[in-house]
Amino acid sequence: MLNVKGLPYQDVKISNLSSFDGYQINFRINDHLYQFLVGNKKRPFPLNVMHIFKEKDICIFCNKTIYPYPAGQQICLAFQKQLPSLLNHFQTSYPNDFIV
Ligand SMILES: [Zn+2]
């Protein structure tokens, strides 16, 4: 099982979206970009994690071959099983980026 709290997150960017009620959390692990969508600003709940790869490559977490964004934009099933823990990790690590 993926331990989402122990991963080497880099370039974490948490955006407060205006287009819908929620957050977009972008992060990079090694050379791979991911986008985590969270709904509801006041009571955040996790929606999904998408691969945002620049080049065709294999995701080390779900082992799928991912095509470059936007053609290959698809949900990462490995992260998908750990969404509550992932959201908790970002809320704990970056509390100022979330509305209280
Ligand atoms: Zn994946």
# chains A, B, ... in the order shown; residues from 1 in each chain; ligands from 1
$ residues_around --residues "A:Asn30" --least-positions-apart "5" --cutoff "12 Å" --atoms "only C-alpha atoms" --output "PyMOL selection string"
chain A and resi 7-11+53+59-61
$ write_last_selection --atoms "N, CA and C atoms" --output "CSV table (one decimal), in the first residue's frame"
chain,number,residue,atom,x,y,z
A,7,LEU,N,6.2,10.3,0.9
A,7,LEU,CA,6.7,10.6,-0.5
A,7,LEU,C,7.4,11.9,-0.6
A,8,PRO,N,8.4,12.0,-1.5
A,8,PRO,CA,9.2,13.2,-1.6
A,8,PRO,C,8.6,14.2,-2.5
A,9,TYR,N,7.6,14.9,-2.0
A,9,TYR,CA,6.8,15.9,-2.8
A,9,TYR,C,7.7,17.1,-3.0
A,10,GLN,N,7.6,17.6,-4.3
A,10,GLN,CA,8.4,18.8,-4.6
A,10,GLN,C,7.4,19.7,-5.4
A,11,ASP,N,7.8,21.0,-5.5
A,11,ASP,CA,7.0,22.0,-6.2
A,11,ASP,C,5.5,22.0,-5.9
A,53,PHE,N,1.7,14.3,-17.1
A,53,PHE,CA,3.1,14.0,-17.6
A,53,PHE,C,3.4,14.8,-18.8
A,59,CYS,N,4.0,5.5,-14.7
A,59,CYS,CA,3.8,6.0,-13.3
A,59,CYS,C,4.4,4.9,-12.4
A,60,ILE,N,5.3,5.3,-11.5
A,60,ILE,CA,5.9,4.3,-10.6
A,60,ILE,C,4.9,3.9,-9.5
A,61,PHE,N,3.8,4.6,-9.4
A,61,PHE,CA,2.9,4.2,-8.3
A,61,PHE,C,1.8,3.3,-8.8
$ residues_around --residues "stretch 32-34 of chain A" --least-positions-apart "6" --cutoff "8 Å" --atoms "only C-alpha atoms" --output "list of chain:residue names"
A:Asn26, A:Val49, A:Met50, A:His51, A:Ile52, A:Phe53, A:Lys54, A:Cys59
$ write_last_selection --atoms "C-alpha atoms" --output "PDB file, in the first residue's frame"
ATOM      1  CA  ASN A  26      -0.118  20.397  -7.996  1.00  0.00           C
ATOM      2  CA  VAL A  49      -5.360  12.672  -8.595  1.00  0.00           C
ATOM      3  CA  MET A  50      -4.483  12.976 -12.292  1.00  0.00           C
ATOM      4  CA  HIS A  51      -1.196  12.374 -14.068  1.00  0.00           C
ATOM      5  CA  ILE A  52       0.103  15.525 -15.787  1.00  0.00           C
ATOM      6  CA  PHE A  53       3.104  14.030 -17.557  1.00  0.00           C
ATOM      7  CA  LYS A  54       5.138  15.987 -20.075  1.00  0.00           C
ATOM      8  CA  CYS A  59       3.840   5.996 -13.347  1.00  0.00           C
TER       9      CYS A  59
END
$ residues_around --residues "A:Lys5" --least-positions-apart "4" --cutoff "9 Å" --atoms "only C-alpha atoms" --output "NGL selection string"
:A and (85-86 or 88-90)
$ write_last_selection --atoms "N, CA and C atoms" --output "compact mmCIF listing (two decimals), in the first residue's frame"
# COMPACT_ATOMS: atom_id res chain seq x y z
N SER A 85 -5.85 10.25 3.13
CA SER A 85 -4.52 10.43 3.73
C SER A 85 -3.74 11.51 3.00
N LEU A 86 -3.89 11.54 1.69
CA LEU A 86 -3.18 12.54 0.89
C LEU A 86 -3.66 13.94 1.23
N ASN A 88 -5.11 14.88 3.96
CA ASN A 88 -4.67 15.14 5.34
C ASN A 88 -3.21 15.58 5.38
N HIS A 89 -2.40 14.94 4.57
CA HIS A 89 -0.98 15.30 4.50
C HIS A 89 -0.80 16.76 4.09
N PHE A 90 -1.50 17.18 3.04
CA PHE A 90 -1.33 18.56 2.56
C PHE A 90 -1.94 19.57 3.53
$ closest_residue --among "A:Leu77, A:Met1, A:Leu83, A:Ser18" --to "A:Lys64" --atoms "only C-alpha atoms"
A:Leu77
$ select_by_dssp --residues "chain A" --states "strand (DSSP E or B)" --output "number ranges by chain"
A: 10-17, 22-29, 32-39, 45-51, 57-58, 65-66, 75
$ write_last_selection --atoms "N, CA and C atoms" --output "short mmCIF file (atom, residue, chain, number, x, y, z; two decimals), in the first residue's frame"
data_model
loop_
_atom_site.label_atom_id
_atom_site.label_comp_id
_atom_site.auth_asym_id
_atom_site.auth_seq_id
_atom_site.Cartn_x
_atom_site.Cartn_y
_atom_site.Cartn_z
N GLN A 10 7.64 17.61 -4.28
CA GLN A 10 8.36 18.82 -4.64
C GLN A 10 7.41 19.73 -5.41
N ASP A 11 7.80 21.01 -5.47
CA ASP A 11 7.02 22.01 -6.22
C ASP A 11 5.53 21.96 -5.87
N VAL A 12 5.23 21.87 -4.60
CA VAL A 12 3.83 21.81 -4.20
C VAL A 12 3.21 23.19 -4.39
N LYS A 13 2.10 23.22 -5.12
CA LYS A 13 1.40 24.48 -5.35
C LYS A 13 -0.08 24.25 -5.08
N ILE A 14 -0.60 24.95 -4.08
CA ILE A 14 -2.01 24.79 -3.73
C ILE A 14 -2.75 26.03 -4.20
N SER A 15 -3.67 25.84 -5.13
CA SER A 15 -4.42 26.97 -5.69
C SER A 15 -5.85 26.93 -5.20
N ASN A 16 -6.30 28.13 -4.83
CA ASN A 16 -7.66 28.32 -4.38
C ASN A 16 -8.47 28.65 -5.63
N LEU A 17 -9.22 27.72 -6.14
CA LEU A 17 -9.85 27.89 -7.44
C LEU A 17 -11.04 28.84 -7.38
N GLY A 22 -13.33 24.78 -4.59
CA GLY A 22 -12.36 23.78 -4.20
C GLY A 22 -10.93 24.22 -4.42
N TYR A 23 -10.03 23.28 -4.29
CA TYR A 23 -8.60 23.53 -4.44
C TYR A 23 -8.01 22.63 -5.50
N GLN A 24 -6.96 23.15 -6.10
CA GLN A 24 -6.16 22.35 -7.02
C GLN A 24 -4.76 22.28 -6.42
N ILE A 25 -4.29 21.07 -6.17
CA ILE A 25 -2.96 20.89 -5.57
C ILE A 25 -2.07 20.22 -6.60
N ASN A 26 -1.08 20.96 -7.06
CA ASN A 26 -0.12 20.40 -8.00
C ASN A 26 1.14 20.01 -7.24
N PHE A 27 1.70 18.89 -7.60
CA PHE A 27 2.97 18.50 -6.98
C PHE A 27 3.75 17.63 -7.94
N ARG A 28 5.04 17.53 -7.64
CA ARG A 28 5.94 16.75 -8.48
C ARG A 28 6.63 15.72 -7.59
N ILE A 29 6.77 14.52 -8.12
CA ILE A 29 7.55 13.49 -7.45
C ILE A 29 8.53 12.96 -8.50
N HIS A 32 7.82 13.53 -12.33
CA HIS A 32 6.42 13.38 -12.72
C HIS A 32 5.50 14.34 -11.98
N LEU A 33 4.66 15.00 -12.77
CA LEU A 33 3.71 15.95 -12.19
C LEU A 33 2.35 15.29 -11.99
N TYR A 34 1.72 15.69 -10.90
CA TYR A 34 0.38 15.19 -10.57
C TYR A 34 -0.49 16.37 -10.16
N GLN A 35 -1.78 16.20 -10.38
CA GLN A 35 -2.73 17.24 -9.99
C GLN A 35 -3.84 16.62 -9.15
N PHE A 36 -3.98 17.14 -7.96
CA PHE A 36 -4.94 16.63 -6.98
C PHE A 36 -6.08 17.64 -6.87
N LEU A 37 -7.28 17.22 -7.16
CA LEU A 37 -8.43 18.12 -7.06
C LEU A 37 -9.21 17.84 -5.78
N VAL A 38 -9.55 18.92 -5.11
CA VAL A 38 -10.25 18.83 -3.83
C VAL A 38 -11.49 19.70 -3.92
N GLY A 39 -12.62 19.19 -3.55
CA GLY A 39 -13.86 19.96 -3.60
C GLY A 39 -14.20 20.55 -2.25
N PHE A 45 -13.03 17.89 0.56
CA PHE A 45 -13.05 16.45 0.37
C PHE A 45 -12.32 16.12 -0.93
N PRO A 46 -11.55 15.05 -0.92
CA PRO A 46 -10.72 14.73 -2.07
C PRO A 46 -11.52 14.17 -3.23
N LEU A 47 -11.19 14.60 -4.45
CA LEU A 47 -11.88 14.12 -5.65
C LEU A 47 -11.03 13.12 -6.43
N ASN A 48 -9.89 13.56 -6.93
CA ASN A 48 -9.04 12.63 -7.67
C ASN A 48 -7.64 13.19 -7.86
N VAL A 49 -6.73 12.30 -8.24
CA VAL A 49 -5.36 12.67 -8.59
C VAL A 49 -5.13 12.25 -10.04
N MET A 50 -4.75 13.23 -10.88
CA MET A 50 -4.48 12.98 -12.29
C MET A 50 -2.99 13.03 -12.58
N HIS A 51 -2.56 12.26 -13.55
CA HIS A 51 -1.20 12.37 -14.07
C HIS A 51 -1.14 13.57 -15.01
N ASP A 57 5.58 8.08 -20.17
CA ASP A 57 6.39 7.38 -19.18
C ASP A 57 5.47 6.49 -18.34
N ILE A 58 6.10 5.69 -17.50
CA ILE A 58 5.32 4.81 -16.63
C ILE A 58 5.22 5.44 -15.25
N THR A 65 1.25 2.99 -18.19
CA THR A 65 1.92 3.86 -19.16
C THR A 65 1.06 5.10 -19.34
N ILE A 66 1.68 6.26 -19.12
CA ILE A 66 0.94 7.51 -19.17
C ILE A 66 1.42 8.32 -20.37
N ILE A 75 -6.78 9.33 -14.18
CA ILE A 75 -6.68 9.19 -12.73
C ILE A 75 -5.60 8.18 -12.36
#
$ atom_distance --atom1 "atom CA of A:Ala71" --atom2 "atom CA of A:Pro44"
27.9 Å
$ closest_residue --among "A:Gln80, A:Pro70, A:Arg43, A:Asp21" --to "ligand 1" --atoms "only C-alpha atoms and all ligand atoms"
A:Gln80
$ closest_residue --among "A:Tyr94, A:Phe20, A:Phe79, A:Tyr67" --to "ligand 1" --atoms "only C-alpha atoms and all ligand atoms"
A:Phe79
$ atom_distance --atom1 "atom CA of A:Cys62" --atom2 "atom CA of A:Ala78"
5.0 Å
$ select_by_dssp --residues "chain A" --states "alpha helix (DSSP H)" --output "compact mmCIF listing (two decimals) with C-alpha atoms, in the first residue's frame"
# COMPACT_ATOMS: atom_id res chain seq x y z
CA LEU A 77 -5.43 4.52 -9.19
CA ALA A 78 -2.63 4.15 -6.65
CA PHE A 79 -3.26 7.63 -5.24
CA GLN A 80 -6.99 7.15 -5.63
CA LEU A 83 -7.11 10.18 -1.09
CA PRO A 84 -8.11 10.96 2.52
CA SER A 85 -4.52 10.43 3.73
CA LEU A 86 -3.18 12.54 0.89
CA LEU A 87 -5.52 15.42 1.66
CA ASN A 88 -4.67 15.14 5.34
CA HIS A 89 -0.98 15.30 4.50
CA PHE A 90 -1.33 18.56 2.56
CA GLN A 91 -3.66 20.13 5.10
CA THR A 92 -1.20 19.31 7.86
CA SER A 93 1.89 20.41 5.91
$ atom_distance --atom1 "atom CA of A:Gln74" --atom2 "atom CA of A:Val4"
18.8 Å
